[in-house]
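Beneath this line is the structure, given in structure tokens, with notes to follow.
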Amino acid sequence: DKSERRLDLYADGEILRSYAISLGGQPVGPKRREGDERTPEGRYFIDYRKPDSAFHRALHISYPRPGQVAAARARGEPPGGLIMIHGLSRRRALIGRYNLLSDWTIGCIAVTNAEIEELWRVVPDGTPIEIRP
């Protein structure tokens, strides 16, 4: 939930855990193009994981969908990609949870390193994700 700056982890329709998050620097509205600093909205899935991310660990979100690629191309813009749920860089890890006081990613969803470790363990590839405005 972008407006609440919250990621809820569900199992069998029940919330297991909620995480405070940081988003892209311009979080209001859906992602339209590369570089707009917006976090996408809609239904996606976790399609792969990146253990060697510059932001500790990362779970890749399946943005963009084919319709989003077509719409961006029709406007003559690249759709962007590499949208992830990730932890913190080494530098940002020094201030930990204080990173969550502002939106600083380029369109990703950021949690603390301890939280991405937890998500890494319990969220398999193929898990659906819905990003709400």
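Letters A, B, ... go to the chains of the structure tokens in the order shown; residues in each chain start at 1; ligands are counted from 1 in the same order.
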
Quick one: residues within 10 Å of A:Asn99, only C-alpha atoms counted, chain neighbours fewer than 5 positions away excluded, as a ChimeraX atom specification?
/A:21-22,88,92-94,104,110-112

Taking the DSSP assignment computed from this structure's backbone, write out as number ranges by chain all residues of stretch 2-109 of chain A that belong to strand (DSSP E or B).
A: 6-11, 14-20, 22, 24, 42-50, 58-61, 84-86, 105, 109

Per DSSP on the backbone, what are the alpha helix (DSSP H) residues of stretch 68-127 of chain A, as a list in words?
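Everything in stretch 68-127 of chain A that counts as alpha helix (DSSP H) is Gln68, Val69, Ala70, Ala71, Ala72, Arg73, Ala74, Arg90, Arg91, Arg92, Ala93, Asn113, Ala114, Glu115, Ile116, Glu117, Glu118, Leu119, Trp120, Arg121 and Val122 of chain A.
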
Within 7 Å of A:Asp1 using only C-alpha atoms, minus same-chain residues under 4 positions, as number ranges by chain
A: 5-7, 131-133

Would you kindly return, as number ranges by chain, each protein, DNA or RNA residue with an atom no farther than 8 Å from any atom of A:Tyr48, considering only C-alpha atoms and excluding same-chain residues fewer than 3 positions away?
A: 59-61, 125

If we count only C-alpha atoms, what is near A:Ala54 at a cut-off of 12 Å, once residues fewer than 6 positions away on the same chain are taken out, given as number ranges by chain?
A: 84, 86-93, 113

Same residues, N, CA, C and O atoms, saved as a CSV table (one decimal), in the first residue's frame:
chain,number,residue,atom,x,y,z
A,84,MET,N,12.3,-3.6,-7.7
A,84,MET,CA,12.6,-4.6,-6.7
A,84,MET,C,12.1,-4.2,-5.4
A,84,MET,O,11.9,-3.1,-5.1
A,86,HIS,N,13.8,-4.4,-1.9
A,86,HIS,CA,15.2,-4.6,-1.6
A,86,HIS,C,15.5,-4.1,-0.2
A,86,HIS,O,14.7,-3.3,0.4
A,87,GLY,N,16.7,-4.4,0.3
A,87,GLY,CA,17.2,-3.9,1.5
A,87,GLY,C,17.9,-2.6,1.3
A,87,GLY,O,17.6,-1.8,0.4
A,88,LEU,N,18.9,-2.4,2.1
A,88,LEU,CA,19.7,-1.1,2.1
A,88,LEU,C,21.1,-1.3,1.7
A,88,LEU,O,21.7,-2.3,1.9
A,89,SER,N,21.6,-0.2,1.1
A,89,SER,CA,23.1,-0.3,0.7
A,89,SER,C,23.9,-0.3,2.0
A,89,SER,O,23.4,0.0,3.0
A,90,ARG,N,25.2,-0.5,1.8
A,90,ARG,CA,26.0,-0.5,3.0
A,90,ARG,C,26.0,0.9,3.7
A,90,ARG,O,25.9,0.9,4.9
A,91,ARG,N,26.0,1.9,2.9
A,91,ARG,CA,26.0,3.3,3.5
A,91,ARG,C,24.6,3.5,4.2
A,91,ARG,O,24.6,4.0,5.3
A,92,ARG,N,23.5,3.2,3.6
A,92,ARG,CA,22.2,3.4,4.2
A,92,ARG,C,22.0,2.5,5.4
A,92,ARG,O,21.2,2.9,6.3
A,93,ALA,N,22.6,1.3,5.4
A,93,ALA,CA,22.4,0.4,6.5
A,93,ALA,C,22.9,1.0,7.8
A,93,ALA,O,22.4,0.6,8.9
A,113,ASN,N,17.5,-4.3,6.1
A,113,ASN,CA,18.2,-5.5,5.7
A,113,ASN,C,17.7,-6.8,6.4
A,113,ASN,O,17.6,-7.8,5.9

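The spacing separating atom CA of A:Lys50 from atom CA of A:Ser62 amounts to 13.3 Å.
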
Nearest to A:Glu117 among A:Glu77, A:Tyr10, A:Ala58, A:Pro40, with distances taken over only C-alpha atoms: which residue is it?
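When distances to A:Glu117 are compared using only C-alpha atoms, the smallest one comes from A:Ala58.
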
Selected residue, from A:Asp12, A:Glu130, A:Glu41, A:Glu34, that lies nearest to A:Leu82 when counting only C-alpha atoms
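When distances to A:Leu82 are compared using only C-alpha atoms, the smallest one comes from A:Glu34.
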